[in-house]
Structures are given as structure tokens and as C-alpha cells.
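Enquirer: My structure is below; once you've seen it, I'll send some questions.
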There are 2 protein chains.
Amino acid sequence: MSDAPSQERLESLGEEEVVRRLVAGLPMGKNVLVGAGDDCAVVDVGGDDLLLLKTDAVVAGVHFLPETEPERVGWKAAARVVSDFAAMGGSSHELMVTLAASGNESMAWVEGLYRGLVKCAERYGASIVGGETVSLPDGGATLISISGTGRVPRNGVVTRGSGRVDDDLWVTGRLGGSFESERHLDFLPRAEEGKWLGKYAHAMMDLSDGLRRDLPRLARASGCGFVLEEECLPLHDGCTVEQALGDGEDMELLLAAPAGDWVAEFQRVFPTVGLTRIGRLTAEGEGDLGSGGWQHFNRKSKESK
Amino acid sequence: MSDAPSQERLESLGEEEVVRRLVAGLPMGKNVLVGAGDDCAVVDVGGDDLLLLKTDAVVAGVHFLPETEPERVGWKAAARVVSDFAAMGGSSHELMVTLAASGNESMAWVEGLYRGLVKCAERYGASIVGGETVSLPDGGATLISISGTGRVPRNGVVTRGSGRVDDDLWVTGRLGGSFESERHLDFLPRAEEGKWLGKYAHAMMDLSDGLRRDLPRLARASGCGFVLEEECLPLHDGCTVEQALGDGEDMELLLAAPAGDWVAEFQRVFPTVGLTRIGRLTAEGEGDLGSGGWQHFNRKSKESK
């Protein structure tokens, strides 16, 4: 962290810069193989599998609306974490739930939330092992934070940072319009696909903030530039390229891997999913997707959504 | 969960009842040895040690004041989790930080928060491996949630539920006045003490909500009643028995164990800490500490603090 504390507001800095300043100098034990900055942390606990760690929150008025059915909020909250484990090539194991709500929330809403959480955990084979409820001062926005653990075979972990120059770039499924269509509430995380793709991908991540923000992150982590072939983007019906770049919350997988027989094999194993080549990694410095996309602590980009 | 969703407000139910309704029927894999309801969850990951999992949040206006120095907020947030790992007989390993704040928060405040988090993590040998920042709608109360992992030797884990009839009850340190004295912001979690006591305690927990609420929890989990000898309570200077029972956030360890040579040995190993016998576990049904103490979602008990 910088020695001169900044009076700047978070809003004026944006999430990326806030995180960049905070993660420098965090204590990291030798058993931590991947720390802050990837979809999950990776920890060596001595067994055949590595431990994945993740925490992710959704907030009323930001990630869901006060009138959203609570079961869908619960599903979304858990599915986002399942997606992060998949993006490392791993599977979901134990989840914990933090619910911060004002005392005015109804028990029916909370029970609906838990139905959604349980449904998602059961579908993806995860346990819910605890958590807590905290009361917010009146008027506070309800927040659900899911933290948990996944597992990945020791030789199967895929980070954002191992892409190589001339790797092709691929996405699963289709992009754009997640909010308008409400897909962001009911999406099926690419759990099996992520584990399968982990055998072939050099680098992988899930698309939560939109390709415009997420693709440069993967390229930067890999020390590469990129070329995006916009005409190749797999668009959801009725969506524009701009939506595919900027909407966010597609929760598809983005990966870097050389083309090969695995592409046809993926399409045989997952015939309804789709896997599309959208560009390639290049030598550093190339690639520009303009500004925009979802960024926390930055009202301008939020208003442009 | 109940089949008939309740229109009751969380405030009218109280935290205990909310949690009781939610944890019934949570999915639990076979490798989960202890699920929701203890200080930590305990998971078998196949090595020599068991994995401990915990998540815990502090909220502005509830657990700290807006004017509290951010470094102390960070220390407190991390130290509470360290204390929970200690209460299982374990040690702290990896922590993740979720900061939910409005965009109006200053970067200086957040950097102060992280200094406190890092200081605590370093002191207790933990890594900080990630987390996230989420933006709250304007006016939302800042929340810091710490989740993480600990380790405990396979034969050394201590739950709340293994106390036996006629076990003596003990507390470390002194009780009462944590808020008035601001000790709740700077407390030293009983990390080494917890690991050491784990060899002798049948049951153990940390005192976060006050003896009046926490002692019955330990007794109930152990299927026992209890007798509390109020005249034995180790009080902080100037504190009353009522404060020792009701103030909360003492963050001392409460344990059930038969008296033995280990008591003198503890006092030799930790000469400045103190260990006091305060009562014993009894056959079920005995024991009553009245109502009160800290309970989330229950304004009455909060106002009585």
C-alpha cells in the first residue's frame, strides 16, 4: 500500500485502481499458490487436490432489484461462485452464506433466498456449511455474500495468467443482454464445461463484467495483447456487438488455447453449449476495446449500462 | 425450512430463531464433519489436518462507529475470525476480505482498514488471499466481511457440543465493559491459548455475544444444563456481574473440562492471561441466565445494551 493515504473517493478511483492499491503487500504464506487477482485463490493443503477459495457478494439495487423473487436472488448468488470455481477448472465444495439485512425484511423473503441457495448448491454438489445473519441499520441495502471452497486436481488448475502469444481466444455460449432478459438471475454456471476445458485451456476466466473489461484482464495477466474479431462474437438473439462487449454478467467462460481436436470433442460432449473462436492473444501492447463495461465505485460506467 | 413461508419480520423473530429455521435441511456432503451452528465448520480434506471454515462480518453503526479509526476496524474484523478458529482448537490460515462501501468512502479510510487487517493477519500467521469490493447504493452502511480457513489437527478439534455432565466451566481473561473500554476494537484473540486448551477441553467456544447468550448455547449443544457461580466471574476493573453477562464482545474462551493438573500448567504457560472456573455443566434442564445480551434482528435487546 502507498505510504501517503489518499483523500480521493472510491468513486473517483474505480474498482480496478482500488484493488490494485490494496493487494500490494498482502501477507501470503508459501502454501498460497495463487493469491488475490484471479477468479479464485489456490491453496496447497497437501492432498491430491488443491483448495480453491472465493468470496462474492450481490447487493440489492446493484445486482438484483428489491422486487426480484428471492429464490432467484439465492440462485444467482450461489451460481456466481460455482462459476468462479469452474473458471479455474475446479468444482464447488463448501459454501457459507452471509446475509446482511435490516430487521424489516420478512422471514418469507429470507426463506425464499435460502430455497434458491439450496437448489443451486444441490445441483452442483456443494454443501452449505454455515454463515451468519447480520442486522443493518434501517435503510441499509440487503447484501448476500457467498464464500466457499472448491477443489481442483493438482495438475488441472487454470489461471488467467498462463495464456501464450498466438493462443486462440474462445467463449462458451452466447453473449449480451443478460440484464434485459433476466438471464443473470437464472444462468447455469459452466460447471462441467469448466472442468472439461481445464484440460485444454492455457488460461481461463468467467465473464462477469463484460468482455470489454474481462478480456484485457486475461490478456494483461498473461503478459499479452489481443486481437478481438468482433464479427465472430456469438450474440444472444436480438443483441448487438456493443451489448456483448459491455453488458456484463454473461457468466460464460473465456479461454485462451491453441485450436485442436478438443474443439470438435467439446462440441460432441456439450452439444447445446457452443464454443466460438473470437480472436487471439498477441505480443504485448496490442488490443484495445475502448472504455465502458461494469465497474464498481464508478458511477459513470454504471449509468452508461 | 418450513413449508409455510412466514410474513414475520426478522426483527420480531430474532437471530437465533432465524438461523434455526434456515439451517434445517441445508445440503451437507459426507466430508463435512461439523456444519452450521458451531464457531466454525469442520471439513475433512484428506490430509493430517482438518479444514476450518468461517465467515464473519462487522457493520458500521452496529460493530463500529463511523468515526472509529479504520485501522482498528480492520484489526477487529480479522481478529474475530482468528478467535473463532482458536475456539475450535485451531489456527488461522487464509483470509478473504469483502468490503461493501458506498463510492463516497475515502481511499484513505480503506487503506487504513487494510493496514489493520494486514497487521492482524501477520501477527497470527494468516495469509490474505483475495476478496472483493462492492459498491453500495448511497447511504448504505459500510460492511466488512472476513471469511477464511483454519487448520486443526485431526484429533484436536473441539466443538461446542462435546461437554459432559459435571464438566467444570472455565473462562480465559476477564469479562465485561468491552464497548465502553473500546477493548472490542483492539482485543488479542486467544489464538495460542485456544490451541493449547484444545488438548484438554471437552467443549469450547468464544464469547462474542455475552455469557448470558453464549453459555446456554454451549450447554444446549452439549445436551446439558449448567450452574453458573456468578460470584466467581472474573470481572474487568469497574465492571458489574451484569456487564459480564450481557455486554458481549469479550472474545474470551469459554470451555467445559474437568479440573486437573492442566489448570496450573495453563497458568504457568500463559502467566498473564488468567483462567477462572465459573460453574459446571449439569444434567439437562437446569440453568437459567434470564434474557438479554446481544442479538441481531432484535432491537429491544440492542437498545438495552
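The way I read the labels, and the way they are meant: chains A, B, ... in the order of the C-alpha cells, residue 1 as the first residue of every chain, and ligand 1 as the first ligand shown, with later ones counted on from there.
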Just the residues within 7 Å of region 234-245 of chain B, please, counting only C-alpha atoms, with nothing from its chain fewer than 3 positions along; format it as a list of chain:residue names.

Expert: B:Arg174, B:Leu175, B:Gly176, B:Gly177, B:Gly210, B:Leu211, B:Arg212, B:Glu230, B:Thr276

Enquirer: Output N, CA, C and O atoms for every residue in the selection just made, as a PDB file, in the first residue's frame.

Expert:
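Result written to again-v7.pdb:
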```
ATOM      1  N   ARG B 174     -10.774 -11.796  31.484  1.00  0.00           N
ATOM      2  CA  ARG B 174     -11.797 -11.127  32.285  1.00  0.00           C
ATOM      3  C   ARG B 174     -12.955 -10.699  31.378  1.00  0.00           C
ATOM      4  O   ARG B 174     -12.787 -10.576  30.166  1.00  0.00           O
ATOM      5  N   LEU B 175     -14.094 -10.436  31.990  1.00  0.00           N
ATOM      6  CA  LEU B 175     -15.311 -10.157  31.223  1.00  0.00           C
ATOM      7  C   LEU B 175     -15.885  -8.776  31.545  1.00  0.00           C
ATOM      8  O   LEU B 175     -15.696  -8.256  32.637  1.00  0.00           O
ATOM      9  N   GLY B 176     -16.654  -8.236  30.580  1.00  0.00           N
ATOM     10  CA  GLY B 176     -17.445  -7.031  30.810  1.00  0.00           C
ATOM     11  C   GLY B 176     -16.791  -5.764  30.286  1.00  0.00           C
ATOM     12  O   GLY B 176     -15.564  -5.643  30.231  1.00  0.00           O
ATOM     13  N   GLY B 177     -17.626  -4.824  29.852  1.00  0.00           N
ATOM     14  CA  GLY B 177     -17.158  -3.478  29.517  1.00  0.00           C
ATOM     15  C   GLY B 177     -16.372  -3.365  28.229  1.00  0.00           C
ATOM     16  O   GLY B 177     -15.639  -2.391  28.037  1.00  0.00           O
ATOM     17  N   GLY B 210     -21.800 -12.398  24.717  1.00  0.00           N
ATOM     18  CA  GLY B 210     -22.024 -12.284  26.159  1.00  0.00           C
ATOM     19  C   GLY B 210     -22.368 -13.639  26.744  1.00  0.00           C
ATOM     20  O   GLY B 210     -23.040 -14.463  26.136  1.00  0.00           O
ATOM     21  N   LEU B 211     -21.919 -13.843  27.974  1.00  0.00           N
ATOM     22  CA  LEU B 211     -22.097 -15.129  28.651  1.00  0.00           C
ATOM     23  C   LEU B 211     -23.568 -15.527  28.743  1.00  0.00           C
ATOM     24  O   LEU B 211     -23.913 -16.709  28.656  1.00  0.00           O
ATOM     25  N   ARG B 212     -24.456 -14.546  28.906  1.00  0.00           N
ATOM     26  CA  ARG B 212     -25.881 -14.856  29.062  1.00  0.00           C
ATOM     27  C   ARG B 212     -26.436 -15.578  27.839  1.00  0.00           C
ATOM     28  O   ARG B 212     -27.352 -16.387  27.953  1.00  0.00           O
ATOM     29  N   GLU B 230     -21.988 -16.941  39.875  1.00  0.00           N
ATOM     30  CA  GLU B 230     -21.774 -15.547  39.459  1.00  0.00           C
ATOM     31  C   GLU B 230     -20.674 -14.873  40.272  1.00  0.00           C
ATOM     32  O   GLU B 230     -19.961 -13.999  39.769  1.00  0.00           O
ATOM     33  N   THR B 276     -10.366 -19.000  34.864  1.00  0.00           N
ATOM     34  CA  THR B 276     -11.214 -18.988  36.050  1.00  0.00           C
ATOM     35  C   THR B 276     -12.343 -19.998  35.913  1.00  0.00           C
ATOM     36  O   THR B 276     -13.039 -20.022  34.891  1.00  0.00           O
TER      37      THR B 276
END
```

Enquirer: Please provide as a PyMOL selection string all residues within 6 Å of Val59 (chain B), with the sequence filter that same-chain residues fewer than 4 positions apart are discarded (counting only C-alpha atoms).

Expert: chain B and resi 63+142-143

Enquirer: If you keep all heavy atoms, can you produce a file of those selected residues as a compact mmCIF listing (two decimals), in the first residue's frame?

Expert:
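Final output, out31.txt:
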```txt
# COMPACT_ATOMS: atom_id res chain seq x y z
N HIS B 63 -21.20 -2.67 14.74
CA HIS B 63 -19.98 -3.20 15.36
C HIS B 63 -18.87 -2.18 15.51
O HIS B 63 -17.87 -2.42 16.18
CB HIS B 63 -19.43 -4.38 14.54
CG HIS B 63 -20.40 -5.50 14.38
ND1 HIS B 63 -21.27 -5.57 13.34
CD2 HIS B 63 -20.65 -6.58 15.14
CE1 HIS B 63 -22.01 -6.66 13.46
NE2 HIS B 63 -21.65 -7.29 14.53
N THR B 142 -21.39 0.79 5.59
CA THR B 142 -20.18 0.06 5.23
C THR B 142 -20.12 -1.26 5.99
O THR B 142 -20.38 -1.31 7.19
CB THR B 142 -18.94 0.92 5.55
OG1 THR B 142 -18.98 2.08 4.73
CG2 THR B 142 -17.65 0.16 5.28
N LEU B 143 -19.80 -2.32 5.29
CA LEU B 143 -19.73 -3.66 5.86
C LEU B 143 -18.42 -4.30 5.44
O LEU B 143 -18.00 -4.19 4.29
CB LEU B 143 -20.92 -4.49 5.37
CG LEU B 143 -20.99 -5.97 5.74
CD1 LEU B 143 -22.45 -6.39 5.93
CD2 LEU B 143 -20.35 -6.85 4.65
```

Enquirer: To one decimal place in Å, what is the distance between CA of Leu254 (chain B) and CA of Arg183 (chain B)?

Expert: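 Answer for the CA of Leu254 (chain B) to CA of Arg183 (chain B) separation: 17.9 Å.
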
Enquirer: Using only C-alpha atoms and a cut-off of 6 Å, which residues of chain B sit close to chain A? Please list them as an MDAnalysis selection string.

Expert: chainID B and resid 5:11 26:29 35:36 41 47 55 103:108 127:131 135 140:141 296:297

Enquirer: Mind writing the picked residues with N, CA and C atoms as a tab-separated table (two decimals), in the first residue's frame?

Expert:
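Result saved to out_15.tsv:
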```
chain	number	residue	atom	x	y	z
B	5	PRO	N	-44.11	-20.25	4.18
B	5	PRO	CA	-43.27	-19.08	4.35
B	5	PRO	C	-43.91	-18.09	5.30
B	6	SER	N	-43.06	-17.48	6.11
B	6	SER	CA	-43.57	-16.62	7.17
B	6	SER	C	-43.51	-15.16	6.76
B	7	GLN	N	-44.58	-14.43	7.04
B	7	GLN	CA	-44.59	-12.99	6.79
B	7	GLN	C	-43.98	-12.22	7.97
B	8	GLU	N	-43.60	-12.93	9.01
B	8	GLU	CA	-43.00	-12.24	10.15
B	8	GLU	C	-41.73	-11.50	9.74
B	9	ARG	N	-41.47	-10.39	10.42
B	9	ARG	CA	-40.24	-9.64	10.18
B	9	ARG	C	-39.09	-10.29	10.95
B	10	LEU	N	-37.88	-10.15	10.41
B	10	LEU	CA	-36.69	-10.71	11.09
B	10	LEU	C	-36.58	-10.15	12.51
B	11	GLU	N	-36.87	-8.85	12.62
B	11	GLU	CA	-36.75	-8.18	13.91
B	11	GLU	C	-37.59	-8.86	14.99
B	26	LEU	N	-30.09	-27.91	5.16
B	26	LEU	CA	-29.02	-27.47	4.27
B	26	LEU	C	-28.27	-28.69	3.72
B	27	PRO	N	-27.88	-28.64	2.45
B	27	PRO	CA	-27.14	-29.78	1.89
B	27	PRO	C	-25.76	-29.91	2.53
B	28	MET	N	-25.40	-31.13	2.93
B	28	MET	CA	-24.11	-31.39	3.62
B	28	MET	C	-23.48	-32.65	3.06
B	29	GLY	N	-22.32	-32.51	2.46
B	29	GLY	CA	-21.58	-33.66	1.96
B	29	GLY	C	-21.01	-34.48	3.11
B	35	GLY	N	-21.21	-28.80	10.53
B	35	GLY	CA	-21.79	-27.81	9.63
B	35	GLY	C	-22.18	-26.54	10.37
B	36	ALA	N	-23.23	-25.89	9.92
B	36	ALA	CA	-23.67	-24.63	10.52
B	36	ALA	C	-23.99	-24.81	11.99
B	41	ALA	N	-17.20	-24.27	10.70
B	41	ALA	CA	-17.46	-25.57	10.08
B	41	ALA	C	-16.15	-26.35	10.03
B	47	GLY	N	-5.98	-34.60	4.46
B	47	GLY	CA	-4.62	-34.55	4.97
B	47	GLY	C	-4.57	-34.84	6.46
B	55	THR	N	-17.05	-17.44	8.35
B	55	THR	CA	-17.27	-16.11	7.79
B	55	THR	C	-17.90	-15.24	8.86
B	103	GLY	N	-19.54	4.66	-2.77
B	103	GLY	CA	-18.44	5.29	-3.51
B	103	GLY	C	-17.92	6.55	-2.86
B	104	ASN	N	-18.62	7.02	-1.81
B	104	ASN	CA	-18.19	8.25	-1.13
B	104	ASN	C	-17.11	8.01	-0.09
B	105	GLU	N	-16.86	6.74	0.22
B	105	GLU	CA	-15.81	6.43	1.19
B	105	GLU	C	-14.46	6.90	0.61
B	106	SER	N	-13.57	7.35	1.51
B	106	SER	CA	-12.26	7.80	1.00
B	106	SER	C	-11.29	6.63	0.91
B	107	MET	N	-10.38	6.73	-0.05
B	107	MET	CA	-9.35	5.71	-0.21
B	107	MET	C	-8.49	5.65	1.05
B	108	ALA	N	-8.30	6.79	1.72
B	108	ALA	CA	-7.50	6.80	2.96
B	108	ALA	C	-8.14	5.89	4.01
B	127	SER	N	-2.59	-15.67	5.80
B	127	SER	CA	-2.45	-15.01	4.50
B	127	SER	C	-3.75	-14.28	4.17
B	128	ILE	N	-3.66	-13.22	3.41
B	128	ILE	CA	-4.87	-12.60	2.83
B	128	ILE	C	-4.82	-12.90	1.34
B	129	VAL	N	-5.76	-13.73	0.89
B	129	VAL	CA	-5.64	-14.32	-0.45
B	129	VAL	C	-6.66	-13.76	-1.44
B	130	GLY	N	-7.41	-12.75	-1.03
B	130	GLY	CA	-8.33	-12.17	-2.00
B	130	GLY	C	-9.54	-11.60	-1.33
B	131	GLY	N	-10.56	-11.41	-2.12
B	131	GLY	CA	-11.77	-10.80	-1.64
B	131	GLY	C	-12.34	-9.94	-2.73
B	135	SER	N	-19.85	-1.95	-4.47
B	135	SER	CA	-20.38	-0.62	-4.18
B	135	SER	C	-21.81	-0.73	-3.67
B	140	GLY	N	-25.80	3.43	2.15
B	140	GLY	CA	-25.67	2.08	2.69
B	140	GLY	C	-24.58	2.04	3.75
B	141	ALA	N	-24.77	1.21	4.79
B	141	ALA	CA	-23.78	1.10	5.86
B	141	ALA	C	-22.59	0.27	5.38
B	296	HIS	N	-28.80	-10.10	17.11
B	296	HIS	CA	-29.10	-9.40	15.86
B	296	HIS	C	-30.57	-9.54	15.53
B	297	PHE	N	-31.10	-8.59	14.79
B	297	PHE	CA	-32.51	-8.56	14.38
B	297	PHE	C	-33.44	-8.41	15.57
```

Enquirer: Could you check how far CA of Phe179 (chain A) sits from CA of Glu249 (chain A), in Å to one decimal?

Expert: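 Value for the CA of Phe179 (chain A)-CA of Glu249 (chain A) distance: 7.7 Å.
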
Enquirer: So which residues touch Val158 (chain A) within 6 Å, counting only C-alpha atoms, skipping near sequence neighbours fewer than 3 positions away, as a ChimeraX atom specification?

Expert: /A:88-89,203

Enquirer: Keeping C-alpha atoms, export the residues of the selection given above as an mmCIF file, in the first residue's frame.

Expert:
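Result file is part09.cif:
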```cif
data_model
loop_
_atom_site.group_PDB
_atom_site.id
_atom_site.type_symbol
_atom_site.label_atom_id
_atom_site.label_comp_id
_atom_site.auth_asym_id
_atom_site.auth_seq_id
_atom_site.Cartn_x
_atom_site.Cartn_y
_atom_site.Cartn_z
ATOM 1 C CA MET A 88 -10.254 -22.381 -12.526
ATOM 2 C CA GLY A 89 -11.051 -25.868 -13.882
ATOM 3 C CA ALA A 203 -5.797 -19.530 -19.376
#
```

Enquirer: I need the residues of region 97-275 of chain A that end up classed as strand (DSSP E) by DSSP on the backbone, written out as a PyMOL selection string.

Expert: chain A and resi 97-102+127-136+143-153+168-172+203-206+225-228+253-257+275

Enquirer: Please give the complete set of residues from region 199-249 of chain A that DSSP, run on the backbone, assigns to alpha helix (DSSP H), formatted as a ChimeraX atom specification.

Expert: /A:211-221,241-246

Enquirer: Produce a file of the selected residues containing all heavy atoms, as a CSV table (one decimal), in the first residue's frame.

Expert:
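Below you can see out_18.csv, which holds the result:
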```csv
chain,number,residue,atom,x,y,z
A,211,LEU,N,-17.0,-8.5,-21.8
A,211,LEU,CA,-15.8,-8.8,-22.5
A,211,LEU,C,-14.9,-7.6,-22.5
A,211,LEU,O,-13.6,-7.7,-22.5
A,211,LEU,CB,-16.2,-9.3,-23.9
A,211,LEU,CG,-15.2,-10.1,-24.7
A,211,LEU,CD1,-14.9,-11.4,-23.9
A,211,LEU,CD2,-15.9,-10.5,-26.0
A,212,ARG,N,-15.4,-6.4,-22.6
A,212,ARG,CA,-14.6,-5.2,-22.7
A,212,ARG,C,-13.7,-5.0,-21.5
A,212,ARG,O,-12.6,-4.5,-21.6
A,212,ARG,CB,-15.5,-4.0,-22.9
A,212,ARG,CG,-14.7,-2.7,-22.9
A,212,ARG,CD,-15.5,-1.5,-23.2
A,212,ARG,NE,-16.0,-1.4,-24.6
A,212,ARG,CZ,-17.2,-1.3,-25.0
A,212,ARG,NH1,-18.2,-1.2,-24.1
A,212,ARG,NH2,-17.5,-1.3,-26.3
A,213,ARG,N,-14.1,-5.5,-20.4
A,213,ARG,CA,-13.3,-5.3,-19.2
A,213,ARG,C,-12.6,-6.6,-18.9
A,213,ARG,O,-11.5,-6.6,-18.4
A,213,ARG,CB,-14.1,-4.9,-18.0
A,213,ARG,CG,-14.7,-3.5,-18.1
A,213,ARG,CD,-15.6,-3.0,-17.0
A,213,ARG,NE,-15.1,-3.4,-15.7
A,213,ARG,CZ,-14.1,-2.8,-15.1
A,213,ARG,NH1,-13.5,-1.8,-15.7
A,213,ARG,NH2,-13.7,-3.2,-13.9
A,214,ASP,N,-13.2,-7.8,-19.2
A,214,ASP,CA,-12.6,-9.0,-18.7
A,214,ASP,C,-11.5,-9.5,-19.7
A,214,ASP,O,-10.5,-10.1,-19.2
A,214,ASP,CB,-13.7,-10.1,-18.6
A,214,ASP,CG,-14.6,-9.9,-17.4
A,214,ASP,OD1,-14.1,-9.3,-16.4
A,214,ASP,OD2,-15.8,-10.3,-17.4
A,215,LEU,N,-11.7,-9.4,-21.0
A,215,LEU,CA,-10.7,-9.8,-21.9
A,215,LEU,C,-9.3,-9.1,-21.7
A,215,LEU,O,-8.3,-9.8,-21.6
A,215,LEU,CB,-11.2,-9.7,-23.4
A,215,LEU,CG,-10.2,-9.9,-24.5
A,215,LEU,CD1,-9.5,-11.3,-24.3
A,215,LEU,CD2,-10.9,-9.9,-25.9
A,216,PRO,N,-9.3,-7.8,-21.5
A,216,PRO,CA,-8.0,-7.2,-21.2
A,216,PRO,C,-7.4,-7.7,-19.9
A,216,PRO,O,-6.2,-7.8,-19.8
A,216,PRO,CB,-8.3,-5.7,-21.1
A,216,PRO,CG,-9.6,-5.5,-22.0
A,216,PRO,CD,-10.3,-6.8,-21.8
A,217,ARG,N,-8.2,-8.1,-19.0
A,217,ARG,CA,-7.7,-8.6,-17.7
A,217,ARG,C,-7.0,-10.0,-18.0
A,217,ARG,O,-5.9,-10.2,-17.5
A,217,ARG,CB,-8.8,-8.9,-16.7
A,217,ARG,CG,-9.4,-7.7,-16.1
A,217,ARG,CD,-10.6,-8.0,-15.3
A,217,ARG,NE,-11.1,-6.8,-14.6
A,217,ARG,CZ,-12.4,-6.7,-14.2
A,217,ARG,NH1,-13.3,-7.6,-14.4
A,217,ARG,NH2,-12.7,-5.6,-13.5
A,218,LEU,N,-7.6,-10.8,-18.8
A,218,LEU,CA,-6.9,-12.1,-19.1
A,218,LEU,C,-5.6,-11.9,-19.8
A,218,LEU,O,-4.6,-12.5,-19.5
A,218,LEU,CB,-7.9,-13.0,-19.8
A,218,LEU,CG,-7.3,-14.4,-20.1
A,218,LEU,CD1,-8.4,-15.5,-20.0
A,218,LEU,CD2,-6.7,-14.5,-21.5
A,219,ALA,N,-5.7,-11.0,-20.8
A,219,ALA,CA,-4.5,-10.7,-21.7
A,219,ALA,C,-3.4,-10.1,-20.8
A,219,ALA,O,-2.2,-10.5,-20.9
A,219,ALA,CB,-4.9,-9.8,-22.8
A,220,ARG,N,-3.8,-9.1,-20.0
A,220,ARG,CA,-2.8,-8.5,-19.1
A,220,ARG,C,-2.1,-9.4,-18.1
A,220,ARG,O,-0.9,-9.5,-18.0
A,220,ARG,CB,-3.4,-7.3,-18.4
A,220,ARG,CG,-2.5,-6.3,-17.8
A,220,ARG,CD,-3.2,-5.0,-17.5
A,220,ARG,NE,-4.5,-5.2,-16.8
A,220,ARG,CZ,-5.7,-4.7,-17.2
A,220,ARG,NH1,-5.8,-4.0,-18.3
A,220,ARG,NH2,-6.8,-4.9,-16.5
A,221,ALA,N,-3.0,-10.3,-17.5
A,221,ALA,CA,-2.4,-11.3,-16.6
A,221,ALA,C,-1.5,-12.2,-17.3
A,221,ALA,O,-0.5,-12.7,-16.7
A,221,ALA,CB,-3.6,-12.0,-15.9
A,241,VAL,N,-23.2,-6.2,-30.9
A,241,VAL,CA,-21.8,-6.3,-30.5
A,241,VAL,C,-21.6,-5.5,-29.3
A,241,VAL,O,-20.9,-5.9,-28.3
A,241,VAL,CB,-20.9,-6.0,-31.7
A,241,VAL,CG1,-19.4,-5.8,-31.2
A,241,VAL,CG2,-21.0,-7.0,-32.8
A,242,GLU,N,-22.1,-4.3,-29.3
A,242,GLU,CA,-21.9,-3.4,-28.1
A,242,GLU,C,-22.4,-4.1,-26.8
A,242,GLU,O,-21.7,-4.0,-25.8
A,242,GLU,CB,-22.6,-2.1,-28.4
A,242,GLU,CG,-22.4,-1.1,-27.2
A,242,GLU,CD,-21.0,-0.8,-26.8
A,242,GLU,OE1,-20.1,-0.8,-27.7
A,242,GLU,OE2,-20.8,-0.7,-25.6
A,243,GLN,N,-23.5,-4.7,-26.9
A,243,GLN,CA,-24.1,-5.4,-25.7
A,243,GLN,C,-23.2,-6.6,-25.3
A,243,GLN,O,-23.0,-6.8,-24.1
A,243,GLN,CB,-25.5,-5.9,-26.0
A,243,GLN,CG,-26.5,-4.8,-26.0
A,243,GLN,CD,-27.9,-5.4,-26.3
A,243,GLN,OE1,-28.2,-5.7,-27.4
A,243,GLN,NE2,-28.7,-5.5,-25.2
A,244,ALA,N,-22.7,-7.3,-26.3
A,244,ALA,CA,-21.8,-8.4,-26.0
A,244,ALA,C,-20.5,-7.9,-25.3
A,244,ALA,O,-19.9,-8.6,-24.4
A,244,ALA,CB,-21.4,-9.2,-27.2
A,245,LEU,N,-20.1,-6.7,-25.7
A,245,LEU,CA,-18.8,-6.2,-25.1
A,245,LEU,C,-19.1,-5.6,-23.7
A,245,LEU,O,-18.3,-5.7,-22.8
A,245,LEU,CB,-18.3,-5.1,-26.0
A,245,LEU,CG,-17.7,-5.6,-27.3
A,245,LEU,CD1,-17.3,-4.3,-28.1
A,245,LEU,CD2,-16.5,-6.5,-27.1
A,246,GLY,N,-20.3,-5.0,-23.5
A,246,GLY,CA,-20.4,-4.1,-22.3
A,246,GLY,C,-21.4,-4.5,-21.3
A,246,GLY,O,-21.4,-4.0,-20.2
```

Enquirer: Pick from B:Leu169, B:Val157, B:Val269, B:Ala79: nearest to Leu233 (chain B), with only C-alpha atoms counted?

Expert: B:Leu169

Enquirer: Please provide the set of residues having any atom within 12 Å of Phe270 (chain A), restricted to only C-alpha atoms, with same-chain residues fewer than 3 positions apart removed, written as a list of chain:residue names.

Expert: A:Thr172, A:Gly173, A:Arg190, A:Ala191, A:Glu192, A:Glu193, A:Gly194, A:Trp196, A:Leu197, A:Trp262, A:Val263, A:Ala264, A:Glu265, A:Phe266, A:Gln267, A:Val273, A:Gly274, A:Leu275

Enquirer: Please report the interatomic distance between CA of Arg164 (chain B) and CA of Leu281 (chain B) in Å with one decimal.

Expert: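 That distance, rounded to one decimal, is 6.7 Å.
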